[in-house]
Amino acid sequence: MINYVEEHRQFNLMTTKTQLSINILPTNQLVLSYFGEKIGDVALGYVTKEIKRASYLANADNIPEFKLEQYPLLYPAYGNPDLRNPAFQLSHLDGSRISDFRYVSHNIQKGKPALPGLPATFATNQVETLELILRDEVKGLEQVLSISCFEKKDVFTQSVRLINQGQDPIKIEKVMSLNLDFLTDRFDLLTLSGAWGREMGLERRPLHQGFQGIDSKRGASGHGQNPFLALADPETTEDAGAVYGMNLVYSGNFIGSVDVDMHQNCRMQLGINPFEFDWELAPEASFTTPEAVFLFTAQGFNDMSQRLHHFYTECLITPSFAKRERPILINNWEATYFDFDQPILLNLAKEAADLGVELFVLDDGWFGNRQREDSSLGDWFPNQQKLGGPLPELIQAINDLGLAFGLWVEPEMVSPKSHLFTEHPDWIVQVPKRTPQQVRNQYVLDLSRTEVQTYLIDCLDRLLTENNIAYIKWDMNRNITDSGTKNLPPNRQKEFGHRYILGLYHVLETITKRHPTVLFESCAGGGGRFDPGMLYYTPQIWTSDDTDAIERLKIQKGTSLIYPPAAMSGHVSASPNHQVGRQTSLITRGIVAKQGNFGYELNLLDCTTVEKEIIKDQISQYKKYRSVYQFGEQTRLTVFDEANEMAWMKVLGDQVIVSYLAVLAKPNTVPKRLKLKGLAPQATYQLLESEASYRGAELMNIGLDLPRPSADFYGKEWILVKKD
Ligand code: DGJ
């Protein structure tokens with residue numbers, strides 16, 4: 001899987017279909033001589049030797065015509081004659097800012113070491129890791145590039161470690177997790193961009209000379225940009241063409257960039273955002289970057305998505321939950337908001353249980369004196385008046401109805417009106433002499449501080465130990481302003497952002513390990529922290545606060561580009577929808593919500609008898625095919641009118657579910673057929689609704705008959721079973 005060919009000073013990292021090759025130059029810099037489809041064990045030294053020299057570039061090591069700036073470097077420094085965007089930047093006590101790391105040695109090991117204090121993918125089998133060790137002799141610094149090769153998954157990961165073996169402390173001002181240099185800029189850039197309520201919008205645009213990319217400065221990965229970017233050939237479609245994708249296993253400020261240079265080469269990077277970041281590295285200390293996941297496929301976006309789905313399911317999400325079927329839930333948020341008492345909750349739970357729901361989630365408003373958004377965060381003590389008695393009694397009553405019980409918390413926050421804030425006003429994130437900003441009437445607790453972490457761990461531990469809680473919704477409803485901490489001296493304040501995330505990870509790690517049977521769902525006002533870092537701790541994530549089925553089509557399509565269906569939660573909510581006021585049918589809402597983890601978030605007591613019958617059917621059908629919905633291999637299907645239609649299919653074993661939706665009915669149109677993908681061409685598939693049978697080849701080349709759009713047409717699902 002990973003080999004080193006001494007004769008050519010070349011490393012080859014090969015997965016089943018792809019290959020990454022690295023060469024050591026005679027001057028001991030490392031170049032990425034190849035990344036793409038597997039080409040085998042061939043000497044690639046000519047790739048850099050044959051680069052035609054451009055004008056006005058400096059020579060490296062004063063060697064005539066040795067232009068490092070034109071080389072596809074593996075992890076470029078600032079200070080050698082490459083004046084493009086460096087992958088890292090250090091500043092030294094003597095004021096110098098130049099680095100010069102050269103290859104010293106390497107080791108190849110089976111498996112993959114864990115990253116200290118950080119979430120990271122783990123090795124199942126057939127994984128090897130190459131550690132490349134480089135040194136800056138002048139400053140006594142060591143740099144270790146750890147690249148893991150997941151052979152069967154066709155995925156790579158990289159993390160970088162910097163070790164200070166010198167006498168003086170240094171400042172790290174930038175340290176990317178991954179840098180990929182390409183000898184071309186003939187690419188489109190793909191990102192998942194948006195805002196609260198419209199996360200993960202797929203954007204595709206051609207590269208242009210200069211700097212372009214995405215970032216977050218919000219203290220969280222954020223609603224605005226997902227920590228993901230891809231470069232694709234301009235011709236690439238869902239089903240064919242080259243894609244280079246990268247995704248950061250991190251939940252804080254990040255940057256993903258592509259820099260197109262003067263000679264139409266490009267450099268792609270992903271890592272912690274250097275904005276508002278630096279890190280003092282004392283002698284003997286080390287710093288490890290978050291991990292970047294990256295891959296190449298020549299088979300288009302569907303293939304990239306499927307690889308990442310498998311990879312995250314098997315190598316990132318907690319194994320005990322990764323393939324465990326997730327419960328169908330009712331969440332009381334859009335049903336009651338803060339306005340509930342014990343009878344309201346129990347009536348909702350009873351109705352839900354009668355319809356077949358399995359888990360009751362009590363959302364915001366159950367603690368302290370929380371009647372609105374303006375108080376009590378931090379006071380995680382049940383409001384017995386509202387709950388009609390102690391929490392265990394309410395839980396028991398809900399359990400007696402046959403439902404498991406889940407609870408909402410927002411541990412990272414505190415309300416100014418709370419006991420916690422009165423006792424510890426200094427625990428919030430703030431800058432001395434400045435008035436800290438409130439957002440949604442709340443402050444952020446300084447999770448970089450050990451005492452705050454310990455308090456949260458104790459609090460959550462008590463809640464989970466004293467109560468029969470099967471599920472926790474871990475919310476986070478504001479971003480971090482007033483960035484700063486009392487914990488660090490003035491010259492190290494820029495460490496705060498990363499230290500906050502390390503503190504959060506420590507709390508999550510401790511609590512999820514202590515309570516391994518509790519299912520955690522993370523949420524940040526919907527998808528404000530939908531990233532692989534959170535997914536490592538919480539096997540599912542609330543996709544968006546926008547529950548409108550039509551808006552969700554775009555949000556869920558973008559999400560499906562990277563994250564597996566079982567990571568993504570979807571709820572059927574009321575019509576007209578609370579966020580956009582749109583009316584949609586229950587059928588439409590059901591089909592969309594069933595794309596991932598299914599649930600309801602509306603007042604079931606307001607539903608008509610007919611609606612309840614539909615809900616009952618949706619639930620029993622979802623239960624029957626739950627594993628296909630949650631763990632089936634998902635493929636986005638091609639529709640005739642992309643602006644108005646969307647379709648996807650899921651396959652698990654012999655079962656196939658095809659889902660199709662048309663947003664608007666159009667008069668006098670003749671629907672085109674819907675062609676399926678990825679089936680066994682010679683196998684027979686039986687359509688359950690009509691008992692008709694088709695060959696896989698027919699379904700992929702002729703397709704299913706679509707219903708005619710009309711006023712009462714809302715969307716359709718087909719279930720097919722493979723017969724031979
Ligand atoms: C934001 C979440 O995304 C909602 O689902 C809900 O839990 C509210 N917070 C509660 O305050």
# chains A, B, ... in the order shown; residues from 1 in each chain; ligands from 1
$ residues_around --residues "Ala353 of chain A" --least-positions-apart "4" --cutoff "8 Å" --atoms "only C-alpha atoms" --output "short mmCIF file (atom, residue, chain, number, x, y, z; two decimals) with all heavy atoms, in the first residue's frame"
data_model
loop_
_atom_site.label_atom_id
_atom_site.label_comp_id
_atom_site.auth_asym_id
_atom_site.auth_seq_id
_atom_site.Cartn_x
_atom_site.Cartn_y
_atom_site.Cartn_z
N ALA A 349 -46.64 13.05 23.74
CA ALA A 349 -45.92 11.76 23.78
C ALA A 349 -46.89 10.61 23.52
O ALA A 349 -46.58 9.67 22.79
CB ALA A 349 -45.23 11.60 25.13
N VAL A 357 -44.03 6.29 17.00
CA VAL A 357 -42.76 6.97 17.29
C VAL A 357 -42.05 6.23 18.42
O VAL A 357 -42.68 5.62 19.29
CB VAL A 357 -43.05 8.46 17.67
CG1 VAL A 357 -41.82 9.12 18.27
CG2 VAL A 357 -43.52 9.23 16.44
N GLU A 358 -40.69 6.33 18.44
CA GLU A 358 -39.93 5.54 19.42
C GLU A 358 -39.22 6.36 20.49
O GLU A 358 -38.81 5.83 21.52
CB GLU A 358 -38.88 4.71 18.67
CG GLU A 358 -39.51 3.75 17.68
CD GLU A 358 -38.57 3.35 16.56
OE1 GLU A 358 -37.80 4.22 16.10
OE2 GLU A 358 -38.62 2.20 16.13
N LEU A 401 -45.17 4.94 28.25
CA LEU A 401 -45.92 4.98 26.98
C LEU A 401 -45.20 4.19 25.89
O LEU A 401 -45.66 4.10 24.76
CB LEU A 401 -46.07 6.44 26.52
CG LEU A 401 -46.96 7.35 27.38
CD1 LEU A 401 -46.78 8.82 26.97
CD2 LEU A 401 -48.42 6.94 27.24
N GLY A 402 -44.03 3.68 26.24
CA GLY A 402 -43.27 2.88 25.27
C GLY A 402 -42.24 3.71 24.52
O GLY A 402 -41.69 3.27 23.50
N LEU A 403 -42.00 4.93 24.99
CA LEU A 403 -41.03 5.80 24.30
C LEU A 403 -39.76 5.95 25.12
O LEU A 403 -39.82 6.07 26.35
CB LEU A 403 -41.63 7.20 24.13
CG LEU A 403 -42.86 7.35 23.24
CD1 LEU A 403 -43.47 8.73 23.40
CD2 LEU A 403 -42.49 7.10 21.79
#
$ residues_near_ligand --ligand "ligand 1" --cutoff "9 Å" --atoms "only C-alpha atoms and all ligand atoms" --output "JSON, numbers by chain"
{"A": [331, 333, 334, 337, 338, 363, 364, 365, 373, 408, 409, 410, 473, 474, 475, 476, 477, 523, 524, 525, 526, 527, 528, 542, 543, 544, 545, 546]}
$ closest_atom_pairs --of "segment 256-369 of chain A" --to "segment 18-21 of chain A" --cutoff "10 Å" --atoms "only C-alpha atoms" --output "CSV"
residue,atom,partner,partner_atom,distance
A:Leu295,CA,A:Thr18,CA,8.3
A:Phe296,CA,A:Thr18,CA,6.8
A:Thr297,CA,A:Thr18,CA,7.5
A:Ala298,CA,A:Thr18,CA,9.1
$ closest_residue --among "A:Pro116, A:Pro411, A:Pro227, A:Gly40" --to "Ile562 of chain A" --atoms "only C-alpha atoms"
A:Pro227
$ closest_residue --among "A:Ile428, A:Cys607, A:Ile398, A:Leu420" --to "Tyr443 of chain A" --atoms "only C-alpha atoms"
A:Ile428
$ closest_residue --among "A:Arg708, A:Ser146, A:Leu316, A:Ile344" --to "Lys112 of chain A" --atoms "only C-alpha atoms"
A:Ser146
$ residues_around --residues "Gly596 of chain A" --least-positions-apart "4" --cutoff "10 Å" --atoms "only C-alpha atoms" --output "list in words"
Arg326, Gln540, Thr543, Gln556, Ser560, Pro564, Pro565, Ala566, Ala567, Met568, Ser569, Gly570, His571, Ile591, Val592, Arg626, Val628, Tyr629, Gln630 and Phe631 of chain A
$ write_last_selection --atoms "N, CA, C and O atoms" --output "JSON list (two decimals), in the first residue's frame"
[["chain", "number", "residue", "atom", "x", "y", "z"],
["A", 326, "ARG", "N", -31.20, 4.12, 14.01],
["A", 326, "ARG", "CA", -31.53, 5.27, 14.85],
["A", 326, "ARG", "C", -33.04, 5.37, 15.03],
["A", 326, "ARG", "O", -33.81, 5.11, 14.09],
["A", 540, "GLN", "N", -25.04, 11.77, 14.97],
["A", 540, "GLN", "CA", -25.97, 12.44, 14.07],
["A", 540, "GLN", "C", -26.02, 13.93, 14.37],
["A", 540, "GLN", "O", -25.68, 14.37, 15.47],
["A", 543, "THR", "N", -29.61, 18.96, 10.78],
["A", 543, "THR", "CA", -29.10, 19.48, 9.52],
["A", 543, "THR", "C", -29.33, 20.98, 9.34],
["A", 543, "THR", "O", -28.49, 21.71, 8.85],
["A", 556, "GLN", "N", -30.18, 19.32, 1.99],
["A", 556, "GLN", "CA", -29.83, 17.90, 2.14],
["A", 556, "GLN", "C", -29.01, 17.39, 0.95],
["A", 556, "GLN", "O", -28.16, 16.52, 1.10],
["A", 560, "SER", "N", -25.47, 15.79, 1.47],
["A", 560, "SER", "CA", -25.20, 14.42, 0.98],
["A", 560, "SER", "C", -23.92, 14.35, 0.15],
["A", 560, "SER", "O", -23.42, 13.27, -0.13],
["A", 564, "PRO", "N", -22.85, 11.00, 5.44],
["A", 564, "PRO", "CA", -23.77, 9.89, 5.18],
["A", 564, "PRO", "C", -25.19, 10.17, 5.68],
["A", 564, "PRO", "O", -25.38, 10.98, 6.59],
["A", 565, "PRO", "N", -26.18, 9.50, 5.09],
["A", 565, "PRO", "CA", -27.58, 9.76, 5.46],
["A", 565, "PRO", "C", -27.82, 9.64, 6.96],
["A", 565, "PRO", "O", -28.56, 10.45, 7.53],
["A", 566, "ALA", "N", -27.20, 8.66, 7.61],
["A", 566, "ALA", "CA", -27.48, 8.46, 9.04],
["A", 566, "ALA", "C", -26.89, 9.57, 9.90],
["A", 566, "ALA", "O", -27.16, 9.66, 11.09],
["A", 567, "ALA", "N", -26.07, 10.44, 9.30],
["A", 567, "ALA", "CA", -25.52, 11.57, 10.06],
["A", 567, "ALA", "C", -26.49, 12.74, 10.06],
["A", 567, "ALA", "O", -26.36, 13.69, 10.83],
["A", 568, "MET", "N", -27.47, 12.69, 9.17],
["A", 568, "MET", "CA", -28.27, 13.88, 8.85],
["A", 568, "MET", "C", -29.70, 13.68, 9.35],
["A", 568, "MET", "O", -30.36, 12.73, 8.98],
["A", 569, "SER", "N", -30.18, 14.58, 10.20],
["A", 569, "SER", "CA", -31.53, 14.40, 10.73],
["A", 569, "SER", "C", -32.53, 15.27, 9.97],
["A", 569, "SER", "O", -32.25, 16.42, 9.65],
["A", 570, "GLY", "N", -33.69, 14.70, 9.73],
["A", 570, "GLY", "CA", -34.77, 15.41, 9.04],
["A", 570, "GLY", "C", -36.08, 15.17, 9.76],
["A", 570, "GLY", "O", -36.36, 14.03, 10.15],
["A", 571, "HIS", "N", -36.86, 16.23, 9.97],
["A", 571, "HIS", "CA", -38.13, 16.07, 10.67],
["A", 571, "HIS", "C", -39.29, 16.58, 9.81],
["A", 571, "HIS", "O", -39.15, 17.59, 9.13],
["A", 591, "ILE", "N", -41.24, 12.29, 2.46],
["A", 591, "ILE", "CA", -40.18, 11.78, 1.56],
["A", 591, "ILE", "C", -38.87, 12.51, 1.85],
["A", 591, "ILE", "O", -37.81, 11.90, 1.91],
["A", 592, "VAL", "N", -38.95, 13.81, 2.06],
["A", 592, "VAL", "CA", -37.71, 14.59, 2.29],
["A", 592, "VAL", "C", -37.09, 14.21, 3.64],
["A", 592, "VAL", "O", -35.88, 13.96, 3.73],
["A", 626, "ARG", "N", -35.89, 0.87, 7.40],
["A", 626, "ARG", "CA", -35.04, 1.83, 8.09],
["A", 626, "ARG", "C", -33.56, 1.68, 7.73],
["A", 626, "ARG", "O", -32.86, 2.65, 7.51],
["A", 628, "VAL", "N", -32.26, 0.66, 5.07],
["A", 628, "VAL", "CA", -31.97, 1.17, 3.72],
["A", 628, "VAL", "C", -31.92, 2.69, 3.75],
["A", 628, "VAL", "O", -31.03, 3.32, 3.19],
["A", 629, "TYR", "N", -32.91, 3.30, 4.43],
["A", 629, "TYR", "CA", -32.92, 4.77, 4.51],
["A", 629, "TYR", "C", -31.67, 5.30, 5.20],
["A", 629, "TYR", "O", -31.09, 6.29, 4.78],
["A", 630, "GLN", "N", -31.26, 4.65, 6.28],
["A", 630, "GLN", "CA", -30.17, 5.21, 7.07],
["A", 630, "GLN", "C", -28.79, 4.77, 6.59],
["A", 630, "GLN", "O", -27.84, 5.53, 6.68],
["A", 631, "PHE", "N", -28.71, 3.55, 6.08],
["A", 631, "PHE", "CA", -27.37, 3.04, 5.76],
["A", 631, "PHE", "C", -27.21, 2.58, 4.31],
["A", 631, "PHE", "O", -26.15, 2.09, 3.93]]
